[in-house]
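Source file: run15.cif (mmCIF, C-alpha atoms)
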data_protein
#
loop_
_atom_site.label_atom_id
_atom_site.label_comp_id
_atom_site.auth_asym_id
_atom_site.auth_seq_id
_atom_site.Cartn_x
_atom_site.Cartn_y
_atom_site.Cartn_z
CA MET A 1 -5.41 24.83 -12.69
CA LYS A 2 -6.40 23.28 -9.39
CA VAL A 3 -3.78 21.67 -7.19
CA LEU A 4 -4.49 19.79 -3.98
CA PHE A 5 -2.11 18.76 -1.25
CA VAL A 6 -3.33 15.52 0.30
CA ILE A 7 -1.90 15.09 3.80
CA PRO A 8 -2.75 11.87 5.62
CA ALA A 9 -2.22 12.32 9.35
CA TYR A 10 -2.36 9.87 12.23
CA ASN A 11 -1.39 11.12 15.69
CA GLU A 12 0.71 14.00 14.34
CA GLU A 13 -0.14 16.80 16.79
CA GLU A 14 3.55 17.72 17.17
CA ASN A 15 4.24 18.12 13.46
CA ILE A 16 1.04 18.96 11.61
CA GLY A 17 0.90 22.62 12.70
CA LYS A 18 4.36 23.38 11.34
CA VAL A 19 3.66 21.48 8.12
CA LEU A 20 0.50 23.45 7.46
CA ASP A 21 2.21 26.78 8.21
CA GLU A 22 5.00 25.91 5.80
CA LEU A 23 2.56 24.95 3.05
CA ARG A 24 0.57 28.15 3.52
CA LYS A 25 3.75 30.17 3.22
CA ASP A 26 5.64 28.38 0.43
CA ALA A 27 2.85 26.85 -1.63
CA SER A 28 -0.04 29.27 -1.28
CA PHE A 29 -1.29 28.56 -4.83
CA ALA A 30 -2.68 25.17 -3.86
CA ASP A 31 -5.50 23.89 -1.70
CA ILE A 32 -4.73 21.72 1.29
CA LEU A 33 -6.72 18.75 2.52
CA VAL A 34 -5.81 16.89 5.68
CA ILE A 35 -7.13 13.35 6.08
CA ASP A 36 -7.26 12.69 9.78
CA ASP A 37 -7.13 8.91 10.06
CA CYS A 38 -9.08 8.80 13.31
CA SER A 39 -6.20 10.17 15.39
CA LYS A 40 -6.28 9.69 19.14
CA ASP A 41 -4.55 12.99 19.88
CA ARG A 42 -5.27 16.64 19.09
CA THR A 43 -4.41 16.45 15.37
CA LYS A 44 -7.92 17.33 14.23
CA GLU A 45 -8.20 20.23 16.66
CA ILE A 46 -4.97 21.77 15.42
CA VAL A 47 -5.95 21.40 11.77
CA GLU A 48 -9.32 23.00 12.39
CA LYS A 49 -7.74 25.85 14.32
CA LYS A 50 -5.60 26.59 11.25
CA LYS A 51 -8.81 26.65 9.18
CA VAL A 52 -7.59 23.94 6.83
CA PRO A 53 -10.22 21.57 5.38
CA CYS A 54 -10.07 18.27 7.21
CA ILE A 55 -11.76 14.96 6.51
CA THR A 56 -11.89 12.61 9.46
CA ASN A 57 -12.12 8.94 8.62
CA ILE A 58 -14.79 7.11 10.58
CA PHE A 59 -12.31 4.46 11.68
CA ASN A 60 -8.58 4.05 11.27
CA MET A 61 -7.90 2.87 7.74
CA ARG A 62 -4.10 3.11 7.64
CA TYR A 63 -1.95 5.35 5.49
CA ALA A 64 -2.86 4.13 1.99
CA MET A 65 -6.62 4.19 2.41
CA ALA A 66 -6.38 7.65 3.97
CA ILE A 67 -4.58 8.85 0.85
CA GLN A 68 -7.22 7.21 -1.32
CA THR A 69 -9.88 9.15 0.59
CA GLY A 70 -8.04 12.33 -0.39
CA ILE A 71 -7.69 11.21 -4.01
CA LYS A 72 -11.42 10.47 -4.17
CA TYR A 73 -12.11 13.96 -2.86
CA ALA A 74 -9.78 15.42 -5.50
CA TYR A 75 -11.51 13.42 -8.24
CA GLU A 76 -14.96 14.50 -7.19
CA ASN A 77 -13.96 18.15 -6.95
CA GLY A 78 -12.19 18.19 -10.31
CA TYR A 79 -8.62 18.79 -9.25
CA ASP A 80 -5.95 18.65 -11.98
CA TYR A 81 -3.06 17.61 -9.77
CA VAL A 82 -2.69 15.94 -6.39
CA ILE A 83 0.49 16.15 -4.35
CA GLN A 84 0.85 13.53 -1.62
CA PHE A 85 2.50 15.19 1.32
CA ASP A 86 3.50 13.66 4.65
CA ALA A 87 2.25 15.15 7.89
CA ASP A 88 5.44 14.39 9.81
CA GLY A 89 7.46 17.24 8.36
CA GLN A 90 9.75 15.08 6.20
CA HIS A 91 8.66 16.72 2.98
CA ILE A 92 9.56 20.30 2.14
CA ALA A 93 6.89 22.54 0.65
CA LYS A 94 9.27 24.36 -1.68
CA GLU A 95 10.30 21.04 -3.24
CA ALA A 96 6.66 20.37 -4.14
CA ILE A 97 6.86 23.18 -6.70
CA LYS A 98 9.59 21.21 -8.48
CA LEU A 99 7.29 18.18 -8.71
CA LEU A 100 4.51 20.36 -10.07
CA ASP A 101 6.75 21.99 -12.68
CA GLU A 102 7.84 18.55 -13.86
CA ILE A 103 4.31 17.17 -14.19
CA LYS A 104 3.11 20.32 -15.97
CA LYS A 105 5.51 19.52 -18.81
CA GLY A 106 2.98 16.80 -19.63
CA LYS A 107 5.42 13.95 -20.09
CA ALA A 108 4.76 12.23 -16.79
CA ASP A 109 1.61 10.93 -15.16
CA ILE A 110 3.30 10.45 -11.81
CA VAL A 111 6.28 12.42 -10.54
CA ILE A 112 8.14 10.94 -7.58
CA GLY A 113 10.29 13.08 -5.35
CA SER A 114 13.37 10.98 -4.71
CA ARG A 115 15.90 11.35 -1.94
CA TYR A 116 18.49 9.06 -3.53
CA LEU A 117 18.73 10.30 -7.11
CA VAL A 118 21.53 12.67 -6.22
CA ASP A 119 23.17 13.03 -2.86
CA THR A 120 20.67 15.25 -1.08
CA GLY A 121 22.22 14.60 2.29
CA TYR A 122 19.41 12.43 3.56
CA PRO A 123 20.68 10.03 6.22
CA CYS A 124 18.73 6.84 5.81
CA PRO A 125 18.24 3.84 8.10
CA PHE A 126 20.18 0.77 6.99
CA PHE A 127 17.20 -1.57 6.44
CA ARG A 128 15.25 0.98 4.50
CA ARG A 129 18.18 1.57 2.22
CA ILE A 130 18.52 -2.16 1.48
CA GLY A 131 14.76 -2.50 0.91
CA THR A 132 14.81 0.43 -1.47
CA LYS A 133 17.74 -1.09 -3.39
CA ILE A 134 15.94 -4.43 -3.79
CA PHE A 135 12.70 -2.88 -5.00
CA SER A 136 14.58 -0.55 -7.31
CA LEU A 137 16.32 -3.56 -8.81
CA LEU A 138 13.01 -5.40 -9.30
CA ILE A 139 11.53 -2.42 -11.12
CA LYS A 140 14.58 -2.24 -13.36
CA LEU A 141 14.30 -5.97 -14.05
CA PHE A 142 10.60 -6.07 -14.90
CA CYS A 143 9.90 -2.60 -16.26
CA HIS A 144 13.33 -1.54 -17.57
CA LYS A 145 13.13 1.73 -15.76
CA THR A 146 15.28 3.21 -13.03
CA ILE A 147 13.28 4.39 -10.05
CA ALA A 148 15.76 5.04 -7.27
CA ASP A 149 13.22 5.68 -4.52
CA PRO A 150 10.01 3.68 -5.12
CA LEU A 151 9.14 3.92 -1.42
CA SER A 152 8.90 7.69 -1.51
CA GLY A 153 5.56 9.08 -0.39
CA PHE A 154 6.31 12.43 -1.97
CA GLN A 155 4.46 12.12 -5.27
CA CYS A 156 2.54 14.29 -7.68
CA LEU A 157 -0.32 12.75 -9.70
CA ASN A 158 -2.10 14.08 -12.77
CA ALA A 159 -5.84 13.91 -13.48
CA ARG A 160 -5.61 10.57 -15.30
CA VAL A 161 -3.92 8.91 -12.35
CA ILE A 162 -6.30 10.57 -9.89
CA GLU A 163 -9.21 9.08 -11.78
CA TYR A 164 -7.62 5.63 -11.84
CA TYR A 165 -6.63 5.61 -8.15
CA SER A 166 -10.02 6.86 -7.02
CA LYS A 167 -11.76 3.69 -8.24
CA MET A 168 -12.45 0.88 -5.80
CA GLY A 169 -9.71 -1.74 -5.60
CA ASN A 170 -7.18 0.25 -7.61
CA TYR A 171 -5.15 1.47 -4.65
CA PRO A 172 -3.36 -1.23 -2.63
CA GLU A 173 -2.81 -1.27 1.11
CA TYR A 174 0.92 -0.75 0.67
CA PRO A 175 1.26 1.65 -2.26
CA ASP A 176 4.99 1.31 -2.89
CA ALA A 177 7.06 -0.69 -5.37
CA ASN A 178 4.10 -2.88 -6.34
CA LEU A 179 2.08 0.16 -7.36
CA VAL A 180 5.01 1.61 -9.32
CA ILE A 181 5.35 -1.68 -11.24
CA GLU A 182 1.62 -1.91 -11.83
CA MET A 183 1.36 1.65 -13.15
CA LEU A 184 4.40 1.21 -15.40
CA LYS A 185 2.96 -2.04 -16.78
CA LYS A 186 -0.36 -0.33 -17.40
CA GLY A 187 1.40 2.26 -19.54
CA TYR A 188 1.50 5.23 -17.18
CA ASN A 189 4.70 7.21 -17.28
CA ILE A 190 6.59 7.75 -14.06
CA VAL A 191 9.33 10.34 -13.74
CA GLU A 192 11.59 10.76 -10.77
CA ILE A 193 13.26 14.00 -9.74
CA PRO A 194 15.67 14.63 -6.88
CA THR A 195 14.22 16.43 -3.86
CA LYS A 196 15.54 17.31 -0.45
CA MET A 197 13.94 15.75 2.58
CA ARG A 198 14.17 16.27 6.30
CA LEU A 199 14.49 13.70 9.00
CA ARG A 200 11.42 12.97 11.05
CA GLU A 201 11.16 15.46 13.89
CA ALA A 202 8.76 13.91 16.40
CA GLY A 203 6.32 11.05 16.82
CA VAL A 204 6.47 7.44 15.69
CA SER A 205 7.09 6.23 12.15
CA MET A 206 4.80 3.61 10.67
CA HIS A 207 7.66 1.35 9.57
CA GLY A 208 9.13 0.38 12.94
CA GLY A 209 10.25 -2.77 14.72
CA ILE A 210 11.77 -5.96 13.29
CA ILE A 211 8.82 -8.22 12.45
CA LYS A 212 6.87 -5.52 10.62
CA PRO A 213 9.54 -4.82 7.97
CA ILE A 214 9.99 -8.56 7.32
CA LYS A 215 6.24 -9.03 6.99
CA TYR A 216 6.15 -5.98 4.75
CA MET A 217 8.87 -7.35 2.46
CA ILE A 218 7.13 -10.73 2.12
CA GLU A 219 3.79 -9.10 1.37
CA MET A 220 5.50 -6.84 -1.15
CA PHE A 221 7.17 -9.67 -3.06
CA TYR A 222 3.95 -11.63 -3.03
CA SER A 223 1.89 -8.79 -4.44
CA ILE A 224 4.56 -7.92 -7.04
CA PHE A 225 4.42 -11.55 -8.18
CA PHE A 226 0.68 -11.32 -8.70
CA ILE A 227 0.93 -7.98 -10.49
CA LEU A 228 3.49 -9.49 -12.85
CA ILE A 229 1.32 -12.47 -13.75
CA SER A 230 -1.96 -10.57 -13.96
CA THR A 231 -1.16 -7.28 -15.69
CA PRO A 232 -0.68 -7.61 -19.42
CA ARG A 233 1.94 -5.27 -20.81
CA GLN A 234 0.26 -2.37 -22.54
CA LYS A 235 1.53 0.14 -25.03
CA LYS A 236 2.37 3.52 -23.63
CA VAL A 237 -0.64 5.81 -23.74
CA ASP A 238 0.19 9.13 -25.32
CA ASN A 239 -0.24 12.17 -23.20
CA LYS A 240 -2.27 15.09 -24.40
CA MET B 1 3.20 -43.34 -9.14
CA ARG B 2 0.16 -43.67 -6.94
CA ASN B 3 0.56 -40.12 -5.68
CA ILE B 4 0.04 -38.58 -9.11
CA TYR B 5 -3.63 -38.05 -8.25
CA PHE B 6 -2.69 -36.06 -5.19
CA VAL B 7 -0.23 -34.00 -7.20
CA ILE B 8 -3.01 -33.22 -9.68
CA ILE B 9 -5.41 -32.26 -6.88
CA ALA B 10 -2.82 -30.00 -5.21
CA LEU B 11 -1.92 -28.39 -8.55
CA PHE B 12 -5.58 -27.85 -9.33
CA ILE B 13 -6.14 -26.09 -6.00
CA LEU B 14 -3.05 -23.92 -6.45
CA ILE B 15 -3.97 -22.93 -10.00
CA TYR B 16 -7.57 -22.27 -9.01
CA ILE B 17 -6.53 -19.86 -6.22
CA VAL B 18 -4.04 -18.06 -8.46
CA MET B 19 -6.62 -17.69 -11.24
CA GLU B 20 -9.19 -16.28 -8.83
CA VAL B 21 -6.68 -13.67 -7.68
CA ARG B 22 -5.74 -12.86 -11.28
CA LYS B 23 -9.36 -12.22 -12.15
CA LYS B 24 -9.59 -9.94 -9.08
CA ARG B 25 -12.27 -12.11 -7.49
CA PHE B 26 -10.01 -12.80 -4.51
CA SER B 27 -7.69 -10.28 -2.89
CA ILE B 28 -3.93 -10.70 -3.04
CA LYS B 29 -3.66 -10.21 0.70
CA GLU B 30 -6.24 -12.80 1.70
CA SER B 31 -4.91 -15.38 -0.74
CA PHE B 32 -1.47 -15.53 0.92
CA TRP B 33 -2.12 -18.35 3.41
CA TRP B 34 -4.15 -20.36 0.91
CA VAL B 35 -1.33 -20.23 -1.62
CA ILE B 36 1.21 -21.22 1.05
CA SER B 37 -0.94 -24.15 2.17
CA SER B 38 -1.54 -25.38 -1.36
CA ILE B 39 2.20 -25.22 -2.07
CA ILE B 40 2.83 -27.32 1.07
CA MET B 41 0.15 -29.71 -0.15
CA LEU B 42 1.90 -29.98 -3.48
CA ILE B 43 5.27 -30.65 -1.82
CA LEU B 44 3.74 -33.37 0.36
CA ALA B 45 2.06 -34.91 -2.66
CA ILE B 46 5.33 -35.05 -4.60
CA PHE B 47 7.39 -36.30 -1.61
CA PRO B 48 4.90 -38.29 0.49
CA TYR B 49 7.68 -39.85 2.58
CA SER B 50 8.84 -36.48 3.89
CA ILE B 51 6.04 -36.62 6.45
CA ASP B 52 7.45 -39.94 7.75
CA LYS B 53 10.88 -38.39 8.12
CA ILE B 54 9.54 -35.34 9.96
CA ALA B 55 7.51 -37.64 12.24
CA LYS B 56 10.64 -39.65 12.99
CA LEU B 57 12.52 -36.47 13.86
CA LEU B 58 9.72 -35.44 16.24
CA ASN B 59 9.47 -38.96 17.75
CA ILE B 60 5.92 -39.51 16.54
CA SER B 61 5.23 -43.21 16.14
CA TYR B 62 2.26 -42.92 13.78
CA PRO B 63 3.25 -40.46 11.00
CA PRO B 64 -0.23 -39.80 9.55
CA SER B 65 -1.27 -38.33 12.90
CA LEU B 66 1.33 -35.61 12.37
CA LEU B 67 -0.34 -34.78 9.07
CA PHE B 68 -3.74 -34.57 10.77
CA VAL B 69 -2.42 -32.40 13.58
CA LEU B 70 -0.83 -30.01 11.10
CA CYS B 71 -4.01 -29.87 9.03
CA ILE B 72 -6.19 -29.21 12.06
CA LEU B 73 -3.80 -26.55 13.33
CA PHE B 74 -3.81 -24.82 9.95
CA LEU B 75 -7.60 -24.91 9.72
CA LEU B 76 -7.86 -23.57 13.27
CA PHE B 77 -5.48 -20.77 12.37
CA ILE B 78 -7.42 -19.78 9.26
CA ASN B 79 -10.71 -20.05 11.12
CA PHE B 80 -9.52 -17.88 13.99
CA ARG B 81 -8.22 -15.32 11.51
CA ASN B 82 -11.59 -15.25 9.79
CA SER B 83 -13.43 -14.88 13.11
CA LYS B 84 -11.19 -11.97 13.99
CA LYS B 85 -11.83 -10.33 10.63
CA ILE B 86 -15.59 -10.80 10.98
CA ALA B 87 -15.59 -9.21 14.43
CA GLU B 88 -13.54 -6.28 13.16
CA GLN B 89 -15.80 -5.80 10.17
CA GLN B 90 -18.95 -6.02 12.25
CA GLU B 91 -17.76 -3.16 14.40
CA LYS B 92 -16.84 -1.11 11.36
CA ILE B 93 -20.21 -1.75 9.72
CA ILE B 94 -22.06 -0.61 12.85
CA GLU B 95 -19.91 2.51 13.00
CA LEU B 96 -20.59 3.23 9.32
CA ALA B 97 -24.32 2.56 9.60
CA GLN B 98 -24.62 4.89 12.59
CA ASN B 99 -22.75 7.62 10.76
CA VAL B 100 -24.91 7.23 7.65
CA ALA B 101 -28.04 7.35 9.81
CA ILE B 102 -26.89 10.59 11.46
CA LEU B 103 -25.99 12.13 8.09
CA LYS B 104 -29.38 11.17 6.68
CA ASN B 105 -31.17 12.84 9.57
CA GLU B 106 -29.11 15.99 9.21
CA LYS B 107 -30.20 16.34 5.58
CA LYS B 108 -33.92 16.50 6.42
#
Do you think you could lay out the structure here as structure tokens?
Amino acid sequence: MKVLFVIPAYNEEENIGKVLDELRKDASFADILVIDDCSKDRTKEIVEKKKVPCITNIFNMRYAMAIQTGIKYAYENGYDYVIQFDADGQHIAKEAIKLLDEIKKGKADIVIGSRYLVDTGYPCPFFRRIGTKIFSLLIKLFCHKTIADPLSGFQCLNARVIEYYSKMGNYPEYPDANLVIEMLKKGYNIVEIPTKMRLREAGVSMHGGIIKPIKYMIEMFYSIFFILISTPRQKKVDNK
Amino acid sequence: MRNIYFVIIALFILIYIVMEVRKKRFSIKESFWWVISSIIMLILAIFPYSIDKIAKLLNISYPPSLLFVLCILFLLFINFRNSKKIAEQQEKIIELAQNVAILKNEKK
């Protein structure tokens, strides 16, 4: 069984070293791949010093496309599972084992590590909490499924999802609630389990400012609308 | 109901854009401003006198000129956005082509 950690990194020189050390220590069974999204700092240098495989994008493609690069790599090299892992130290390596155990049961195609499912002591910014609530409600409304944390980037994918995501046009620029709705509508099963998360230690988050979140919300609603009118509801595909 | 023709035209444009996106021949992201503009067109077609009222509010004596100004501004906006995208893409294509060329030479 081949497992790959996909870590998209953009200007993460302060955090990436620690993240890689932790993964080496707590999740030594899996391979690690860092996607350096054309960072302007020493991210690539640090990754190479740790002797971790690193793909550098030719130009900055943003978070989602960096992840898709990693998923394409996983597909071409025949990995069974991909775990999306953040480079900023928010995600905890030991918790990734929980995701893996859940997906190995074979019931889920995607396992999301959620920070809201039970009280895991994660202090969350006000706007993010409201956004999460709204998207969670939309998913419940259209897909009749409770996903408490659709914005979580801590996810584990099985081979079927890896194959689907690796195709051109199948991975959107903002892979959040819209992707969850699309995958549920297409008959993929998504399971959520509670995981602990840390607060960001250093560097700048990609969801900052005031205009950006508003723009993000509008784009999200717009793309959810199109997913709803263009994806026919399919029967659940049985897992092997 | 003279404006029924305009309503039909606006509806046709809106439905056409939405269908193109549904068939994945047009991206969701790029369609946003086109859908917004066709919805505005539809609203103006249904309530043609709203443009008179807005013109009155803005102290414009000849209301159709407001419509033209708005149209031109919108077209300028879309055009500038496209120009920007083209410039961005051109740079990316050059970068990609150079990298492919280097990779090809390495293989020999």
9 Å contact set for Ile51 (chain B), only C-alpha atoms, chain neighbours under 5 positions out, as a VMD selection string: chain B and resid 44 56 63 to 64 66 to 67
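Within 6 Å of region 153-156 of chain A, once only C-alpha atoms are used and residues closer than 3 positions along the same chain are dropped, the contacting residues are Val82, Ile83, Gln84, Phe85, Ile110, Val111, Ile112 and Gly113 of chain A.
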Could those selected residues go to a file with C-alpha atoms, as a PDB file, in the frame of the given file?
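As written to disk, out-v2.pdb reads:
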ATOM      1  CA  VAL A  82      -2.690  15.940  -6.390  1.00  0.00           C
ATOM      2  CA  ILE A  83       0.490  16.150  -4.350  1.00  0.00           C
ATOM      3  CA  GLN A  84       0.850  13.530  -1.620  1.00  0.00           C
ATOM      4  CA  PHE A  85       2.500  15.190   1.320  1.00  0.00           C
ATOM      5  CA  ILE A 110       3.300  10.450 -11.810  1.00  0.00           C
ATOM      6  CA  VAL A 111       6.280  12.420 -10.540  1.00  0.00           C
ATOM      7  CA  ILE A 112       8.140  10.940  -7.580  1.00  0.00           C
ATOM      8  CA  GLY A 113      10.290  13.080  -5.350  1.00  0.00           C
TER       9      GLY A 113
END
Any idea which chain A residues end up within 12 Å of chain B if we count only C-alpha atoms, as a PyMOL selection string please? chain A and resi 57-61+168-170+172-174+178+215-216+218-232
Rounded to one decimal place, report the CA of Ser114 (chain A)-CA of Ile193 (chain A) distance in Å. 5.9 Å
Extract, using all atoms listed in the file, all DNA, RNA and protein residues at most 10 Å from Arg160 (chain A), discarding same-chain residues fewer than 2 positions from it, and format them as a PyMOL selection string. chain A and resi 75+80-81+109-110+157-158+162-165+188+239
For region 7-16 of chain B, please output as a list of chain:residue names all residues within 10 Å (counting all atoms listed in the file; exclusion window: fewer than 4 positions along the same chain). B:Arg2, B:Asn3, B:Glu20, B:Val21, B:Arg22, B:Trp34, B:Val35, B:Ile36, B:Ser37, B:Ser38, B:Ile39, B:Ile40, B:Met41, B:Leu42, B:Ile43, B:Leu44, B:Ala45, B:Ile46, B:Phe47
Counting only C-alpha atoms, which residue out of A:Ile92, A:Val19, A:Ile71, A:Ile214 sits closest to Ala159 (chain A)?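 Answer, going by the shortest atom-to-atom distance: A:Ile71.
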Which polymer residues have any atom within 12 Å of an atom of Cys143 (chain A), counting all atoms listed in the file, with same-chain residues fewer than 2 positions away left out, as an mmCIF file with C-alpha atoms, in the frame of the given file?
data_model
loop_
_atom_site.group_PDB
_atom_site.id
_atom_site.type_symbol
_atom_site.label_atom_id
_atom_site.label_comp_id
_atom_site.auth_asym_id
_atom_site.auth_seq_id
_atom_site.Cartn_x
_atom_site.Cartn_y
_atom_site.Cartn_z
ATOM 1 C CA PHE A 135 12.700 -2.880 -5.000
ATOM 2 C CA SER A 136 14.580 -0.550 -7.310
ATOM 3 C CA LEU A 137 16.320 -3.560 -8.810
ATOM 4 C CA LEU A 138 13.010 -5.400 -9.300
ATOM 5 C CA ILE A 139 11.530 -2.420 -11.120
ATOM 6 C CA LYS A 140 14.580 -2.240 -13.360
ATOM 7 C CA LEU A 141 14.300 -5.970 -14.050
ATOM 8 C CA LYS A 145 13.130 1.730 -15.760
ATOM 9 C CA THR A 146 15.280 3.210 -13.030
ATOM 10 C CA ILE A 147 13.280 4.390 -10.050
ATOM 11 C CA ALA A 177 7.060 -0.690 -5.370
ATOM 12 C CA ASN A 178 4.100 -2.880 -6.340
ATOM 13 C CA VAL A 180 5.010 1.610 -9.320
ATOM 14 C CA ILE A 181 5.350 -1.680 -11.240
ATOM 15 C CA GLU A 182 1.620 -1.910 -11.830
ATOM 16 C CA MET A 183 1.360 1.650 -13.150
ATOM 17 C CA LEU A 184 4.400 1.210 -15.400
ATOM 18 C CA LYS A 185 2.960 -2.040 -16.780
ATOM 19 C CA LYS A 186 -0.360 -0.330 -17.400
ATOM 20 C CA GLY A 187 1.400 2.260 -19.540
ATOM 21 C CA TYR A 188 1.500 5.230 -17.180
ATOM 22 C CA ASN A 189 4.700 7.210 -17.280
ATOM 23 C CA ILE A 190 6.590 7.750 -14.060
ATOM 24 C CA ILE A 224 4.560 -7.920 -7.040
ATOM 25 C CA ILE A 227 0.930 -7.980 -10.490
ATOM 26 C CA LEU A 228 3.490 -9.490 -12.850
ATOM 27 C CA ARG A 233 1.940 -5.270 -20.810
ATOM 28 C CA GLN A 234 0.260 -2.370 -22.540
#
Take the point (-3.6, 15.7, 16.1) as written in the file and pick out every residue within 12 Å of it, counting all atoms listed in the file; give the list as a ChimeraX atom specification. /A:8-17,34-49,54,56,87-88,203
Selected residue of minimal separation from Gly106 (chain A) among A:Val191, A:Met197, A:Ala66, A:Val6, counting all atoms listed in the file: A:Val191
d(CA of Phe127 (chain A), CA of Lys94 (chain A)) in Å: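 If I compute the distance from CA of Phe127 (chain A) to CA of Lys94 (chain A), I get 28.3 Å.
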Please complete region 167-189 of chain A so it has N, CA and C atoms, and hand it over as an mmCIF file, in the frame of the given file.
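And here's out16.cif as it stands now:
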data_model
loop_
_atom_site.group_PDB
_atom_site.id
_atom_site.type_symbol
_atom_site.label_atom_id
_atom_site.label_comp_id
_atom_site.auth_asym_id
_atom_site.auth_seq_id
_atom_site.Cartn_x
_atom_site.Cartn_y
_atom_site.Cartn_z
ATOM 1 N N LYS A 167 -10.819 4.813 -8.089
ATOM 2 C CA LYS A 167 -11.760 3.690 -8.240
ATOM 3 C C LYS A 167 -11.481 2.604 -7.204
ATOM 4 N N MET A 168 -12.550 1.923 -6.824
ATOM 5 C CA MET A 168 -12.450 0.880 -5.800
ATOM 6 C C MET A 168 -11.476 -0.226 -6.237
ATOM 7 N N GLY A 169 -10.612 -0.618 -5.330
ATOM 8 C CA GLY A 169 -9.710 -1.740 -5.600
ATOM 9 C C GLY A 169 -8.471 -1.383 -6.395
ATOM 10 N N ASN A 170 -8.342 -0.118 -6.801
ATOM 11 C CA ASN A 170 -7.180 0.250 -7.610
ATOM 12 C C ASN A 170 -6.025 0.820 -6.793
ATOM 13 N N TYR A 171 -6.214 0.920 -5.480
ATOM 14 C CA TYR A 171 -5.150 1.470 -4.650
ATOM 15 C C TYR A 171 -4.834 0.475 -3.545
ATOM 16 N N PRO A 172 -3.639 -0.154 -3.590
ATOM 17 C CA PRO A 172 -3.360 -1.230 -2.630
ATOM 18 C C PRO A 172 -3.043 -0.714 -1.225
ATOM 19 N N GLU A 173 -3.032 -1.645 -0.281
ATOM 20 C CA GLU A 173 -2.810 -1.270 1.110
ATOM 21 C C GLU A 173 -1.404 -0.723 1.332
ATOM 22 N N TYR A 174 -0.432 -1.304 0.615
ATOM 23 C CA TYR A 174 0.920 -0.750 0.670
ATOM 24 C C TYR A 174 1.253 -0.199 -0.705
ATOM 25 N N PRO A 175 1.094 1.100 -0.913
ATOM 26 C CA PRO A 175 1.260 1.650 -2.260
ATOM 27 C C PRO A 175 2.711 1.991 -2.552
ATOM 28 N N ASP A 176 3.570 1.012 -2.670
ATOM 29 C CA ASP A 176 4.990 1.310 -2.890
ATOM 30 C C ASP A 176 5.468 0.717 -4.208
ATOM 31 N N ALA A 177 6.457 -0.150 -4.136
ATOM 32 C CA ALA A 177 7.060 -0.690 -5.370
ATOM 33 C C ALA A 177 6.031 -1.420 -6.219
ATOM 34 N N ASN A 178 5.098 -2.135 -5.562
ATOM 35 C CA ASN A 178 4.100 -2.880 -6.340
ATOM 36 C C ASN A 178 3.238 -1.955 -7.182
ATOM 37 N N LEU A 179 2.901 -0.790 -6.617
ATOM 38 C CA LEU A 179 2.080 0.160 -7.360
ATOM 39 C C LEU A 179 2.870 0.775 -8.517
ATOM 40 N N VAL A 180 4.153 1.049 -8.262
ATOM 41 C CA VAL A 180 5.010 1.610 -9.320
ATOM 42 C C VAL A 180 5.067 0.623 -10.491
ATOM 43 N N ILE A 181 5.279 -0.668 -10.183
ATOM 44 C CA ILE A 181 5.350 -1.680 -11.240
ATOM 45 C C ILE A 181 4.018 -1.779 -11.975
ATOM 46 N N GLU A 182 2.930 -1.783 -11.208
ATOM 47 C CA GLU A 182 1.620 -1.910 -11.830
ATOM 48 C C GLU A 182 1.342 -0.740 -12.781
ATOM 49 N N MET A 183 1.640 0.471 -12.328
ATOM 50 C CA MET A 183 1.360 1.650 -13.150
ATOM 51 C C MET A 183 2.241 1.658 -14.395
ATOM 52 N N LEU A 184 3.505 1.263 -14.241
ATOM 53 C CA LEU A 184 4.400 1.210 -15.400
ATOM 54 C C LEU A 184 3.896 0.183 -16.412
ATOM 55 N N LYS A 185 3.467 -0.977 -15.895
ATOM 56 C CA LYS A 185 2.960 -2.040 -16.780
ATOM 57 C C LYS A 185 1.689 -1.596 -17.485
ATOM 58 N N LYS A 186 0.891 -0.784 -16.806
ATOM 59 C CA LYS A 186 -0.360 -0.330 -17.400
ATOM 60 C C LYS A 186 -0.141 0.806 -18.388
ATOM 61 N N GLY A 187 1.098 1.259 -18.524
ATOM 62 C CA GLY A 187 1.400 2.260 -19.540
ATOM 63 C C GLY A 187 1.425 3.699 -19.029
ATOM 64 N N TYR A 188 1.362 3.880 -17.728
ATOM 65 C CA TYR A 188 1.500 5.230 -17.180
ATOM 66 C C TYR A 188 2.983 5.566 -17.093
ATOM 67 N N ASN A 189 3.289 6.825 -17.314
ATOM 68 C CA ASN A 189 4.700 7.210 -17.280
ATOM 69 C C ASN A 189 5.061 7.784 -15.913
#
